[in-house]
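Taking it in order: structure first as structure tokens, then the write-up.
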Amino acid sequence: MADQLSLLLDSATRFPLPNGLSFSYGTSGFRSDGSVLGSTVHRAGIVAALRSLKTGSTVGLVITASHNPVCDNGVKIADPDGSMMDQSWEPFANALANAPDPNSLAQLVLQFAKDEEIPLGGGQSAEVLLARDTRPTGETLLEAAKQGISSIIGTVAIDMGILTTPELHWMVRCWNNGTKATESDYFAQLSNSFRSLMELALNDNLNLDTVEKKLIVDGANGVGGFKLEEIKKNITGLEIDVRNTGKEGEGLLNEGCGADFVQKEKFAPCGFGLSDLGIRCASLDGDADRLVFFRLIPNSNNKIELVDGDKILSLFAIFIQEQLRLLEELPARLGVVQTAYANGAATDYIKNLGLEVIFTPTGVKYLHEKALEYDIGLYFEANGHGTILFSKEFLSQLDSVNRELSSKLPGSKKQKAASRLVAVTQLINQAVGDALSGLLLVEAILHNKGWSFQKWCDLYQDLPSRQLKVKVADRTAIVTADAETRVVKPAALQELIDIETAKYTHGRCFVRPSGTEDVVRIYAEAATQDSADSLANSVAQHVNQILGSDIKT
Ligand code: 16G
Ligand code: MG
């Protein structure tokens, strides 16, 4: 134990906490300006090493700040099944990140290890897979993570290179499942399952000419674009043109481009213009775990028609439901998970399909956890992060149904439905929302259904909505309940929101403290854009009056 203590002290001395700063493991890990994150990433490395020791499995650590500006960076930890680190460890991660000096850091580690019965001293080995995105601070921070990991005796860091966030989560999951886990395995799994799904559309008497073959993808000048360039080499039936790949001269990461920009601004990303009119387009965020689709509106100065996470979710739900309907021998409990940001029209549409819809607070970890409760759990945030989870039992039943149908009724509708479901389970990332796998699944579904982009857009009409953000003295003064749909503190605020909302047809409004920025967010929805704007504005004013703030959009 003496060796462990001195190793920790030495290592921590090289990464002192910057003066006057504090760090918090927010909705998706630690995030801040990349230049001040050395100690935080080093300490996240220690947390990851302990997590691996505790679980007796390989865990992951990824250095990225997703859709944030290029100067930011961040770090988050993936659990052995590829999902986000268990929330019960966040308080320890926070305490460690803010330990004022090497001594208190070492004491925290030793105490935590004791409380959690984590074997220190090298008796048990541990493994952390590492990845980073393309940010300039990534390389130095990766080194900090490696040093944090190796400050726990017996732990090995394995650098998987520059990856999308979902690739790393996928690798951790495969590594622990004992299945192939390299990047080329990931590419092969995506392109093979995509090919299978596309082939299942053949001979279905569909007018496949209605499905435009061309897709233009905005890579946000991040890591997803150049990965897609690799995947597309092994794909037929779809012409993918990747823009904003982050190559020299193509622009800065997430600046005027990327899924977050496109979804919030409802404008085409840079590099897109008049010549793209009528073509189906998609946008990834900087670390490729969010995906939205769009199309330019003619004569509108690059305004777009947006297909957000809600509509991707709806498309996936219809497709899965259609296959299941053909397979009465395969009963499955299908659940759809959304957050309060889901457009009311989307929720109504999905409920009208006869599906169960449940709500969780914002943040992938909450949605993912709920979706695991179903045989097939579909989850999406409106911002484009989501996936489909299949339970182990369902996967094994599907496998046997598929085998049986393939031998007894090859080529039948039922057999094709089973094979389609099998392909979906392989194409969609079971660890976390993945823009690249989601994109290919959308394309394969449109192809199977013979649907044009227009047909997809027309599933339902979004209710007009408005989002505002307000900077307040202390955003934690707002406490919400019921999946963030109601404010419980300060109680007077919810009463005012109710009064304002009641003034509008189809009015809906909620207020929540952001988990990633020092602001309070306001979301309002109503029958017309003017009413949604005015509802959001009046609620923002109430927040302003009650908590003291400046209104920002
Ligand atoms: C993070 C979350 C995302 C959530 C967003 C909310 C992950 C991987 N990402 O980007 O799910 O929608 O934060 O941000 O969990 P906000 O709390 O600032 O509104
Ligand atoms: Mg992201």
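Each chain in the structure tokens gets a letter, A, B, ..., in the order shown, and its residues are numbered from 1; ligands are numbered from 1 in order too.
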Those of stretch 489-552 of chain A in DSSP strand (DSSP E or B), formatted as a list in words: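 Taking stretch 489-552 of chain A and keeping strand (DSSP E or B) only, one gets Lys489, Arg508, Cys509, Phe510, Val511, Arg512, Pro513, Val520, Arg521, Ile522, Tyr523, Ala524, Glu525, Ser549, Asp550, Ile551 and Lys552 of chain A.
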Create the file for the chosen residues now, containing all heavy atoms and written as a compact mmCIF listing (two decimals), in the first residue's frame.
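Output file result-v1.txt follows:
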# COMPACT_ATOMS: atom_id res chain seq x y z
N LYS A 489 -39.33 23.88 -7.00
CA LYS A 489 -38.74 24.98 -6.25
C LYS A 489 -38.17 25.99 -7.22
O LYS A 489 -37.46 25.55 -8.14
CB LYS A 489 -37.58 24.45 -5.40
CG LYS A 489 -37.91 24.25 -3.94
CD LYS A 489 -36.58 24.05 -3.24
CE LYS A 489 -36.68 23.25 -1.99
NZ LYS A 489 -35.42 22.78 -1.52
N ARG A 508 -47.53 24.46 -23.94
CA ARG A 508 -46.77 23.59 -23.03
C ARG A 508 -45.46 24.31 -22.77
O ARG A 508 -44.87 24.90 -23.68
CB ARG A 508 -46.52 22.23 -23.69
CG ARG A 508 -45.84 21.21 -22.77
CD ARG A 508 -45.87 19.81 -23.42
NE ARG A 508 -44.96 19.69 -24.54
CZ ARG A 508 -43.67 19.32 -24.43
NH1 ARG A 508 -43.16 19.02 -23.26
NH2 ARG A 508 -42.91 19.24 -25.50
N CYS A 509 -45.04 24.31 -21.54
CA CYS A 509 -43.82 25.05 -21.24
C CYS A 509 -43.14 24.42 -20.03
O CYS A 509 -43.81 23.99 -19.09
CB CYS A 509 -44.18 26.51 -20.94
SG CYS A 509 -42.75 27.51 -20.55
N PHE A 510 -41.82 24.33 -20.07
CA PHE A 510 -41.09 23.89 -18.87
C PHE A 510 -39.77 24.64 -18.76
O PHE A 510 -39.27 25.21 -19.74
CB PHE A 510 -40.88 22.36 -18.86
CG PHE A 510 -39.96 21.86 -19.93
CD1 PHE A 510 -38.59 21.77 -19.71
CD2 PHE A 510 -40.45 21.49 -21.18
CE1 PHE A 510 -37.72 21.30 -20.70
CE2 PHE A 510 -39.59 21.03 -22.18
CZ PHE A 510 -38.24 20.93 -21.93
N VAL A 511 -39.24 24.59 -17.56
CA VAL A 511 -38.02 25.33 -17.23
C VAL A 511 -37.09 24.36 -16.51
O VAL A 511 -37.55 23.60 -15.66
CB VAL A 511 -38.42 26.49 -16.28
CG1 VAL A 511 -37.23 27.05 -15.56
CG2 VAL A 511 -39.16 27.57 -17.04
N ARG A 512 -35.80 24.35 -16.88
CA ARG A 512 -34.86 23.44 -16.18
C ARG A 512 -33.45 24.05 -16.13
O ARG A 512 -33.06 24.78 -17.06
CB ARG A 512 -34.82 22.06 -16.85
CG ARG A 512 -34.41 22.11 -18.30
CD ARG A 512 -34.30 20.72 -18.92
NE ARG A 512 -33.05 20.06 -18.58
CZ ARG A 512 -31.90 20.27 -19.24
NH1 ARG A 512 -31.83 21.08 -20.29
NH2 ARG A 512 -30.82 19.63 -18.86
N PRO A 513 -32.72 23.75 -15.07
CA PRO A 513 -31.34 24.22 -15.06
C PRO A 513 -30.53 23.35 -16.02
O PRO A 513 -30.69 22.14 -16.04
CB PRO A 513 -30.89 23.98 -13.61
CG PRO A 513 -31.82 22.97 -13.05
CD PRO A 513 -33.09 22.98 -13.86
N VAL A 520 -30.35 28.72 -17.14
CA VAL A 520 -31.63 28.03 -17.01
C VAL A 520 -32.24 27.99 -18.40
O VAL A 520 -32.21 28.99 -19.12
CB VAL A 520 -32.56 28.81 -16.03
CG1 VAL A 520 -33.97 28.26 -16.09
CG2 VAL A 520 -32.00 28.74 -14.62
N ARG A 521 -32.76 26.84 -18.79
CA ARG A 521 -33.35 26.74 -20.13
C ARG A 521 -34.88 26.79 -20.03
O ARG A 521 -35.47 26.26 -19.08
CB ARG A 521 -32.94 25.44 -20.80
CG ARG A 521 -31.45 25.30 -20.99
CD ARG A 521 -31.11 24.33 -22.12
NE ARG A 521 -29.70 23.98 -22.09
CZ ARG A 521 -28.73 24.75 -22.59
NH1 ARG A 521 -29.01 25.91 -23.16
NH2 ARG A 521 -27.47 24.35 -22.53
N ILE A 522 -35.47 27.42 -21.05
CA ILE A 522 -36.93 27.52 -21.11
C ILE A 522 -37.38 26.93 -22.45
O ILE A 522 -36.79 27.25 -23.49
CB ILE A 522 -37.36 29.00 -21.02
CG1 ILE A 522 -37.04 29.50 -19.61
CG2 ILE A 522 -38.85 29.19 -21.31
CD1 ILE A 522 -36.50 30.86 -19.58
N TYR A 523 -38.37 26.07 -22.41
CA TYR A 523 -38.90 25.50 -23.64
C TYR A 523 -40.39 25.77 -23.67
O TYR A 523 -41.10 25.53 -22.68
CB TYR A 523 -38.66 23.98 -23.69
CG TYR A 523 -39.29 23.31 -24.90
CD1 TYR A 523 -38.56 23.12 -26.06
CD2 TYR A 523 -40.62 22.89 -24.88
CE1 TYR A 523 -39.14 22.52 -27.18
CE2 TYR A 523 -41.21 22.29 -25.99
CZ TYR A 523 -40.45 22.10 -27.14
OH TYR A 523 -41.03 21.51 -28.25
N ALA A 524 -40.86 26.32 -24.79
CA ALA A 524 -42.30 26.55 -24.91
C ALA A 524 -42.78 26.05 -26.26
O ALA A 524 -42.06 26.12 -27.27
CB ALA A 524 -42.61 28.04 -24.78
N GLU A 525 -44.01 25.57 -26.27
CA GLU A 525 -44.61 25.02 -27.48
C GLU A 525 -46.04 25.53 -27.53
O GLU A 525 -46.68 25.65 -26.47
CB GLU A 525 -44.61 23.51 -27.27
CG GLU A 525 -44.76 22.65 -28.46
CD GLU A 525 -44.57 21.19 -28.03
OE1 GLU A 525 -43.44 20.71 -28.02
OE2 GLU A 525 -45.59 20.56 -27.68
N SER A 549 -31.83 37.92 -13.32
CA SER A 549 -31.07 37.44 -14.48
C SER A 549 -31.14 38.38 -15.68
O SER A 549 -31.83 39.39 -15.66
CB SER A 549 -31.66 36.12 -14.89
OG SER A 549 -33.03 36.31 -15.12
N ASP A 550 -30.42 37.99 -16.79
CA ASP A 550 -30.54 38.68 -18.08
C ASP A 550 -31.08 37.65 -19.07
O ASP A 550 -30.63 36.52 -19.07
CB ASP A 550 -29.19 39.08 -18.68
CG ASP A 550 -28.20 39.47 -17.64
OD1 ASP A 550 -28.53 40.39 -16.89
OD2 ASP A 550 -27.11 38.83 -17.60
N ILE A 551 -32.00 38.09 -19.93
CA ILE A 551 -32.55 37.14 -20.91
C ILE A 551 -31.60 36.99 -22.10
O ILE A 551 -31.08 37.96 -22.60
CB ILE A 551 -33.93 37.61 -21.40
CG1 ILE A 551 -34.88 37.58 -20.21
CG2 ILE A 551 -34.42 36.76 -22.55
CD1 ILE A 551 -36.28 37.97 -20.52
N LYS A 552 -31.39 35.77 -22.50
CA LYS A 552 -30.55 35.48 -23.68
C LYS A 552 -31.34 34.52 -24.55
O LYS A 552 -32.14 33.76 -24.04
CB LYS A 552 -29.31 34.71 -23.27
CG LYS A 552 -28.24 35.49 -22.61
CD LYS A 552 -27.12 34.53 -22.40
CE LYS A 552 -25.87 35.20 -21.96
NZ LYS A 552 -24.83 34.18 -21.78
message: Taking 5 positions as the minimum chain separation for residues in the same chain, which residues sit within 12 Å of A:Phe112 when counting only C-alpha atoms? Answer as a PyMOL selection string.
response: chain A and resi 46-47+50-51+54+89+91-93+95-96+105-107+117-120
message: I'd like to know which residues of stretch 188-240 of chain A are helix (DSSP H, G or I) (by DSSP, run on the backbone); could you write them as a VMD selection string?
response: chain A and resid 188 to 199 208 to 210 223 to 232
Return as an mmCIF file with C-alpha atoms, in the first residue's frame every polymer residue, whether protein, DNA or RNA, with at least one atom no more than 9 Å from an atom of ligand 2; count only C-alpha atoms and all ligand atoms.
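Below you can see selection.cif, which holds the result:
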data_model
loop_
_atom_site.group_PDB
_atom_site.id
_atom_site.type_symbol
_atom_site.label_atom_id
_atom_site.label_comp_id
_atom_site.auth_asym_id
_atom_site.auth_seq_id
_atom_site.Cartn_x
_atom_site.Cartn_y
_atom_site.Cartn_z
ATOM 1 C CA THR A 64 -14.107 15.058 -26.161
ATOM 2 C CA ALA A 65 -16.307 18.105 -25.733
ATOM 3 C CA SER A 66 -18.834 16.941 -28.318
ATOM 4 C CA HIS A 67 -20.560 19.930 -29.960
ATOM 5 C CA ASN A 68 -18.758 22.584 -27.862
ATOM 6 C CA THR A 164 -16.002 8.958 -32.372
ATOM 7 C CA THR A 165 -17.453 8.719 -28.860
ATOM 8 C CA ALA A 259 -25.993 18.736 -35.562
ATOM 9 C CA ASP A 260 -26.272 21.082 -32.593
ATOM 10 C CA LEU A 284 -23.384 14.932 -37.204
ATOM 11 C CA ASP A 285 -22.057 16.654 -34.108
ATOM 12 C CA GLY A 286 -18.332 16.970 -33.330
ATOM 13 C CA ASP A 287 -17.951 13.517 -31.736
ATOM 14 C CA ALA A 288 -20.657 11.878 -33.891
ATOM 15 C CA ASP A 289 -23.140 10.865 -31.229
ATOM 16 C CA ARG A 290 -25.900 13.159 -32.507
ATOM 17 C CA HIS A 385 -28.975 11.465 -29.691
#
Got a sec to check which residues lie within 6 Å of ligand 1, using only C-alpha atoms and all ligand atoms, and send them as a PDB file with N, CA and C atoms, in the first residue's frame?
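Final file, part-v6.pdb:
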ATOM      1  N   THR A  27     -23.928  16.407 -17.086  1.00  0.00           N
ATOM      2  CA  THR A  27     -24.775  15.485 -17.852  1.00  0.00           C
ATOM      3  C   THR A  27     -23.941  14.476 -18.642  1.00  0.00           C
ATOM      4  N   SER A  28     -22.808  14.932 -19.169  1.00  0.00           N
ATOM      5  CA  SER A  28     -22.006  13.977 -19.948  1.00  0.00           C
ATOM      6  C   SER A  28     -20.524  14.157 -19.635  1.00  0.00           C
ATOM      7  N   THR A 362     -33.519  15.066 -19.075  1.00  0.00           N
ATOM      8  CA  THR A 362     -32.552  15.219 -20.161  1.00  0.00           C
ATOM      9  C   THR A 362     -31.238  14.525 -19.807  1.00  0.00           C
ATOM     10  N   GLY A 363     -30.576  13.969 -20.820  1.00  0.00           N
ATOM     11  CA  GLY A 363     -29.278  13.309 -20.583  1.00  0.00           C
ATOM     12  C   GLY A 363     -29.372  11.837 -20.952  1.00  0.00           C
ATOM     13  N   VAL A 364     -28.435  11.414 -21.787  1.00  0.00           N
ATOM     14  CA  VAL A 364     -28.473  10.067 -22.341  1.00  0.00           C
ATOM     15  C   VAL A 364     -28.566   8.994 -21.262  1.00  0.00           C
ATOM     16  N   LYS A 365     -27.840   9.192 -20.158  1.00  0.00           N
ATOM     17  CA  LYS A 365     -27.818   8.131 -19.146  1.00  0.00           C
ATOM     18  C   LYS A 365     -29.219   7.817 -18.615  1.00  0.00           C
ATOM     19  N   SER A 514     -29.672  23.978 -16.846  1.00  0.00           N
ATOM     20  CA  SER A 514     -28.843  23.202 -17.775  1.00  0.00           C
ATOM     21  C   SER A 514     -27.857  22.344 -16.997  1.00  0.00           C
ATOM     22  N   GLY A 515     -27.519  21.183 -17.570  1.00  0.00           N
ATOM     23  CA  GLY A 515     -26.508  20.326 -16.954  1.00  0.00           C
ATOM     24  C   GLY A 515     -25.134  20.578 -17.547  1.00  0.00           C
ATOM     25  N   THR A 516     -25.040  21.429 -18.564  1.00  0.00           N
ATOM     26  CA  THR A 516     -23.749  21.642 -19.226  1.00  0.00           C
ATOM     27  C   THR A 516     -23.310  23.105 -19.269  1.00  0.00           C
ATOM     28  N   GLU A 517     -24.234  24.035 -19.003  1.00  0.00           N
ATOM     29  CA  GLU A 517     -23.906  25.465 -19.069  1.00  0.00           C
ATOM     30  C   GLU A 517     -24.492  26.138 -17.844  1.00  0.00           C
TER      31      GLU A 517
END
Selection: 10 Å around A:Leu324, only C-alpha atoms, excl. self and same-chain fewer than 3 positions, as a list in words: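 Using only C-alpha atoms, the neighbours found are Ile318, Phe319, Ile320, Gln321, Leu327, Glu328, Glu329, Leu330, Pro331, Ala332, Leu334, Lys414, Ala417, Ala418 and Leu421 of chain A.
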Write the residues of the preceding selection, restricted to N, CA and C atoms, as a PDB file, in the first residue's frame.
ATOM      1  N   ILE A 318     -41.805   2.943 -36.303  1.00  0.00           N
ATOM      2  CA  ILE A 318     -42.714   2.380 -37.316  1.00  0.00           C
ATOM      3  C   ILE A 318     -42.109   1.114 -37.898  1.00  0.00           C
ATOM      4  N   PHE A 319     -40.836   1.201 -38.222  1.00  0.00           N
ATOM      5  CA  PHE A 319     -40.177   0.081 -38.901  1.00  0.00           C
ATOM      6  C   PHE A 319     -40.131  -1.164 -38.012  1.00  0.00           C
ATOM      7  N   ILE A 320     -39.748  -0.971 -36.759  1.00  0.00           N
ATOM      8  CA  ILE A 320     -39.658  -2.114 -35.841  1.00  0.00           C
ATOM      9  C   ILE A 320     -41.059  -2.707 -35.637  1.00  0.00           C
ATOM     10  N   GLN A 321     -42.026  -1.810 -35.444  1.00  0.00           N
ATOM     11  CA  GLN A 321     -43.397  -2.278 -35.217  1.00  0.00           C
ATOM     12  C   GLN A 321     -43.908  -3.080 -36.421  1.00  0.00           C
ATOM     13  N   LEU A 327     -44.550 -11.008 -37.178  1.00  0.00           N
ATOM     14  CA  LEU A 327     -43.934 -12.123 -36.448  1.00  0.00           C
ATOM     15  C   LEU A 327     -44.658 -12.375 -35.129  1.00  0.00           C
ATOM     16  N   GLU A 328     -45.871 -12.915 -35.231  1.00  0.00           N
ATOM     17  CA  GLU A 328     -46.645 -13.090 -33.985  1.00  0.00           C
ATOM     18  C   GLU A 328     -45.973 -14.089 -33.039  1.00  0.00           C
ATOM     19  N   GLU A 329     -45.061 -14.920 -33.601  1.00  0.00           N
ATOM     20  CA  GLU A 329     -44.348 -15.873 -32.734  1.00  0.00           C
ATOM     21  C   GLU A 329     -43.247 -15.210 -31.921  1.00  0.00           C
ATOM     22  N   LEU A 330     -43.090 -13.907 -32.106  1.00  0.00           N
ATOM     23  CA  LEU A 330     -42.012 -13.199 -31.415  1.00  0.00           C
ATOM     24  C   LEU A 330     -42.593 -12.028 -30.612  1.00  0.00           C
ATOM     25  N   PRO A 331     -43.269 -12.330 -29.495  1.00  0.00           N
ATOM     26  CA  PRO A 331     -43.871 -11.229 -28.739  1.00  0.00           C
ATOM     27  C   PRO A 331     -42.775 -10.359 -28.131  1.00  0.00           C
ATOM     28  N   ALA A 332     -42.979  -9.048 -28.163  1.00  0.00           N
ATOM     29  CA  ALA A 332     -41.941  -8.180 -27.601  1.00  0.00           C
ATOM     30  C   ALA A 332     -42.586  -6.959 -26.986  1.00  0.00           C
ATOM     31  N   LEU A 334     -42.415  -3.320 -26.465  1.00  0.00           N
ATOM     32  CA  LEU A 334     -41.721  -2.236 -27.153  1.00  0.00           C
ATOM     33  C   LEU A 334     -41.962  -0.946 -26.380  1.00  0.00           C
ATOM     34  N   LYS A 414     -42.462 -13.222 -43.588  1.00  0.00           N
ATOM     35  CA  LYS A 414     -42.079 -13.401 -42.192  1.00  0.00           C
ATOM     36  C   LYS A 414     -40.567 -13.549 -42.053  1.00  0.00           C
ATOM     37  N   ALA A 417     -38.931 -10.291 -42.479  1.00  0.00           N
ATOM     38  CA  ALA A 417     -39.118  -9.417 -41.307  1.00  0.00           C
ATOM     39  C   ALA A 417     -38.121  -9.788 -40.222  1.00  0.00           C
ATOM     40  N   ALA A 418     -37.969 -11.099 -39.992  1.00  0.00           N
ATOM     41  CA  ALA A 418     -37.021 -11.542 -38.959  1.00  0.00           C
ATOM     42  C   ALA A 418     -35.595 -11.138 -39.350  1.00  0.00           C
ATOM     43  N   LEU A 421     -35.012  -7.506 -38.754  1.00  0.00           N
ATOM     44  CA  LEU A 421     -34.772  -7.195 -37.338  1.00  0.00           C
ATOM     45  C   LEU A 421     -33.356  -7.586 -36.926  1.00  0.00           C
TER      46      LEU A 421
END
Selection near stretch 60-62 of chain A, 8 Å with only C-alpha atoms, sequence-local residues under 2 positions removed, as a short mmCIF file (atom, residue, chain, number, x, y, z; two decimals) with all heavy atoms, in the first residue's frame:
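Saved to out_20.cif:
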data_model
loop_
_atom_site.label_atom_id
_atom_site.label_comp_id
_atom_site.auth_asym_id
_atom_site.auth_seq_id
_atom_site.Cartn_x
_atom_site.Cartn_y
_atom_site.Cartn_z
N GLY A 45 -8.80 9.65 -15.09
CA GLY A 45 -8.05 8.42 -15.36
C GLY A 45 -8.00 7.54 -14.11
O GLY A 45 -8.17 6.32 -14.19
N ALA A 48 -11.40 5.98 -13.64
CA ALA A 48 -11.62 4.88 -14.60
C ALA A 48 -10.87 3.63 -14.15
O ALA A 48 -11.41 2.51 -14.21
CB ALA A 48 -11.17 5.32 -15.99
N THR A 58 -13.12 -4.34 -18.33
CA THR A 58 -12.50 -3.21 -19.01
C THR A 58 -13.50 -2.05 -19.05
O THR A 58 -14.69 -2.26 -19.29
CB THR A 58 -12.12 -3.64 -20.43
OG1 THR A 58 -11.24 -4.74 -20.32
CG2 THR A 58 -11.44 -2.53 -21.20
N THR A 64 -13.36 14.32 -25.14
CA THR A 64 -14.11 15.06 -26.16
C THR A 64 -14.97 16.10 -25.48
O THR A 64 -15.34 15.94 -24.31
CB THR A 64 -15.03 14.12 -26.98
OG1 THR A 64 -15.80 14.91 -27.90
CG2 THR A 64 -16.01 13.34 -26.12
N VAL A 75 -14.10 15.07 -20.64
CA VAL A 75 -13.75 13.67 -20.45
C VAL A 75 -14.94 12.95 -19.84
O VAL A 75 -15.64 13.50 -18.99
CB VAL A 75 -12.50 13.55 -19.56
CG1 VAL A 75 -12.67 14.19 -18.19
CG2 VAL A 75 -12.06 12.09 -19.38
N LYS A 76 -15.19 11.76 -20.33
CA LYS A 76 -16.24 10.94 -19.70
C LYS A 76 -15.83 9.48 -19.69
O LYS A 76 -14.98 9.05 -20.48
CB LYS A 76 -17.60 11.17 -20.31
CG LYS A 76 -17.76 10.81 -21.73
CD LYS A 76 -19.18 11.15 -22.18
CE LYS A 76 -19.26 11.16 -23.70
NZ LYS A 76 -20.52 11.65 -24.20
N ILE A 77 -16.46 8.74 -18.81
CA ILE A 77 -16.07 7.35 -18.58
C ILE A 77 -17.20 6.43 -19.01
O ILE A 77 -18.38 6.72 -18.78
CB ILE A 77 -15.73 7.16 -17.08
CG1 ILE A 77 -14.51 8.02 -16.74
CG2 ILE A 77 -15.46 5.68 -16.74
CD1 ILE A 77 -14.23 8.17 -15.27
N ALA A 78 -16.82 5.33 -19.67
CA ALA A 78 -17.82 4.34 -20.10
C ALA A 78 -17.71 3.09 -19.24
O ALA A 78 -16.61 2.61 -18.98
CB ALA A 78 -17.60 3.98 -21.56
N ASP A 79 -18.85 2.56 -18.82
CA ASP A 79 -18.90 1.35 -18.01
C ASP A 79 -18.65 0.10 -18.89
O ASP A 79 -18.68 0.20 -20.12
CB ASP A 79 -20.27 1.28 -17.32
CG ASP A 79 -20.16 1.68 -15.85
OD1 ASP A 79 -19.03 1.95 -15.39
OD2 ASP A 79 -21.20 1.70 -15.16
N PRO A 80 -18.45 -1.05 -18.25
CA PRO A 80 -18.12 -2.26 -19.02
C PRO A 80 -19.12 -2.62 -20.13
O PRO A 80 -18.72 -3.17 -21.15
CB PRO A 80 -18.11 -3.35 -17.95
CG PRO A 80 -17.70 -2.64 -16.71
CD PRO A 80 -18.34 -1.29 -16.80
N GLY A 82 -20.55 -0.55 -22.00
CA GLY A 82 -20.49 0.51 -23.01
C GLY A 82 -21.40 1.69 -22.71
O GLY A 82 -21.42 2.67 -23.44
N VAL A 128 -8.15 0.05 -19.12
CA VAL A 128 -8.98 1.19 -19.57
C VAL A 128 -8.68 1.44 -21.05
O VAL A 128 -7.53 1.64 -21.44
CB VAL A 128 -8.67 2.47 -18.76
CG1 VAL A 128 -9.57 3.62 -19.21
CG2 VAL A 128 -8.82 2.23 -17.26
N LEU A 129 -9.73 1.44 -21.88
CA LEU A 129 -9.56 1.79 -23.29
C LEU A 129 -9.71 3.30 -23.42
O LEU A 129 -10.65 3.88 -22.88
CB LEU A 129 -10.62 1.11 -24.16
CG LEU A 129 -10.74 -0.41 -24.11
CD1 LEU A 129 -11.68 -0.90 -25.22
CD2 LEU A 129 -9.39 -1.08 -24.26
N LEU A 130 -8.81 3.92 -24.15
CA LEU A 130 -8.81 5.37 -24.27
C LEU A 130 -9.06 5.81 -25.70
O LEU A 130 -8.62 5.15 -26.65
CB LEU A 130 -7.42 5.92 -23.93
CG LEU A 130 -6.92 5.77 -22.51
CD1 LEU A 130 -5.48 6.25 -22.42
CD2 LEU A 130 -7.80 6.59 -21.60
N ALA A 131 -9.75 6.94 -25.85
CA ALA A 131 -9.89 7.54 -27.18
C ALA A 131 -10.04 9.03 -27.02
O ALA A 131 -10.32 9.53 -25.92
CB ALA A 131 -11.12 6.97 -27.88
N ARG A 132 -9.82 9.75 -28.11
CA ARG A 132 -10.02 11.19 -28.07
C ARG A 132 -10.57 11.63 -29.42
O ARG A 132 -10.50 10.89 -30.40
CB ARG A 132 -8.71 11.91 -27.78
CG ARG A 132 -7.65 11.74 -28.86
CD ARG A 132 -6.41 12.54 -28.50
NE ARG A 132 -5.34 12.42 -29.48
CZ ARG A 132 -5.10 13.29 -30.45
NH1 ARG A 132 -5.88 14.35 -30.61
NH2 ARG A 132 -4.10 13.11 -31.28
N THR A 165 -17.07 9.18 -30.20
CA THR A 165 -17.45 8.72 -28.86
C THR A 165 -18.17 7.35 -28.93
O THR A 165 -17.82 6.44 -28.19
CB THR A 165 -18.35 9.77 -28.17
OG1 THR A 165 -17.57 10.96 -28.05
CG2 THR A 165 -18.83 9.34 -26.82
N LEU A 168 -15.87 4.29 -29.27
CA LEU A 168 -15.19 3.85 -28.04
C LEU A 168 -16.15 3.07 -27.13
O LEU A 168 -15.80 2.01 -26.62
CB LEU A 168 -14.62 5.08 -27.31
CG LEU A 168 -13.58 4.92 -26.21
CD1 LEU A 168 -14.15 4.96 -24.82
CD2 LEU A 168 -12.66 3.70 -26.37
N HIS A 169 -17.38 3.58 -27.00
CA HIS A 169 -18.37 2.87 -26.17
C HIS A 169 -18.62 1.46 -26.74
O HIS A 169 -18.73 0.49 -26.01
CB HIS A 169 -19.69 3.65 -26.14
CG HIS A 169 -19.65 4.86 -25.25
ND1 HIS A 169 -20.15 4.88 -23.98
CD2 HIS A 169 -19.17 6.11 -25.46
CE1 HIS A 169 -19.98 6.07 -23.44
NE2 HIS A 169 -19.40 6.84 -24.33
N VAL A 172 -15.65 -0.89 -25.96
CA VAL A 172 -15.63 -1.34 -24.57
C VAL A 172 -16.62 -2.50 -24.41
O VAL A 172 -16.31 -3.54 -23.81
CB VAL A 172 -15.97 -0.18 -23.61
CG1 VAL A 172 -16.17 -0.69 -22.19
CG2 VAL A 172 -14.89 0.88 -23.65
#
field: Contact residues around A:Ser406 with only C-alpha atoms at 12 Å, ignoring same-chain residues under 6 positions, as a ChimeraX atom specification
entry: /A:398-400,412-419
message: So, with only C-alpha atoms as the atoms that count, which of A:Ser11, A:Thr387, A:Ser52, A:Leu141 lies closest to A:Thr40?
response: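 Of all the options, A:Leu141 lies closest to A:Thr40.
By chain and then residue number, the residues within 8 Å of stretch 348-358 of chain A are Ser314, Ala317, Ile318, Leu334, Gly335, Val336, Val337, Gln338 and Tyr460 of chain A, counting only C-alpha atoms and disregarding those fewer than 6 positions away in sequence.
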- line: Using only C-alpha atoms, the best pick from A:Val543, A:Ala423, A:Ala526, A:Ile152 as closest to A:Leu463 would be A:Ala526
message: Show me, as JSON, numbers by chain, the residues that have an atom within 12 Å of A:Tyr186 when counting only C-alpha atoms, minus same-chain residues fewer than 3 positions from it.
response: {"A": [163, 164, 166, 167, 168, 169, 170, 171, 172, 173, 174, 175, 179, 180, 181, 182, 183, 189, 190, 191, 192, 193, 227, 228, 230, 231, 426, 427, 428, 429, 434, 436, 437]}
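Reported to one decimal place, the separation of atom CA of A:Leu274 from atom CA of A:Lys214 is 15.7 Å.
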query: Rounded to one decimal in Å, what is the spacing between atom CA of A:Ala44 and atom CA of A:Leu367?
result: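 Taking atom CA of A:Ala44 as the start and atom CA of A:Leu367 as the end point, the length is 23.5 Å.
Reported to one decimal place, the separation of atom CA of A:Ile153 from atom CA of A:Gly123 is 8.7 Å.
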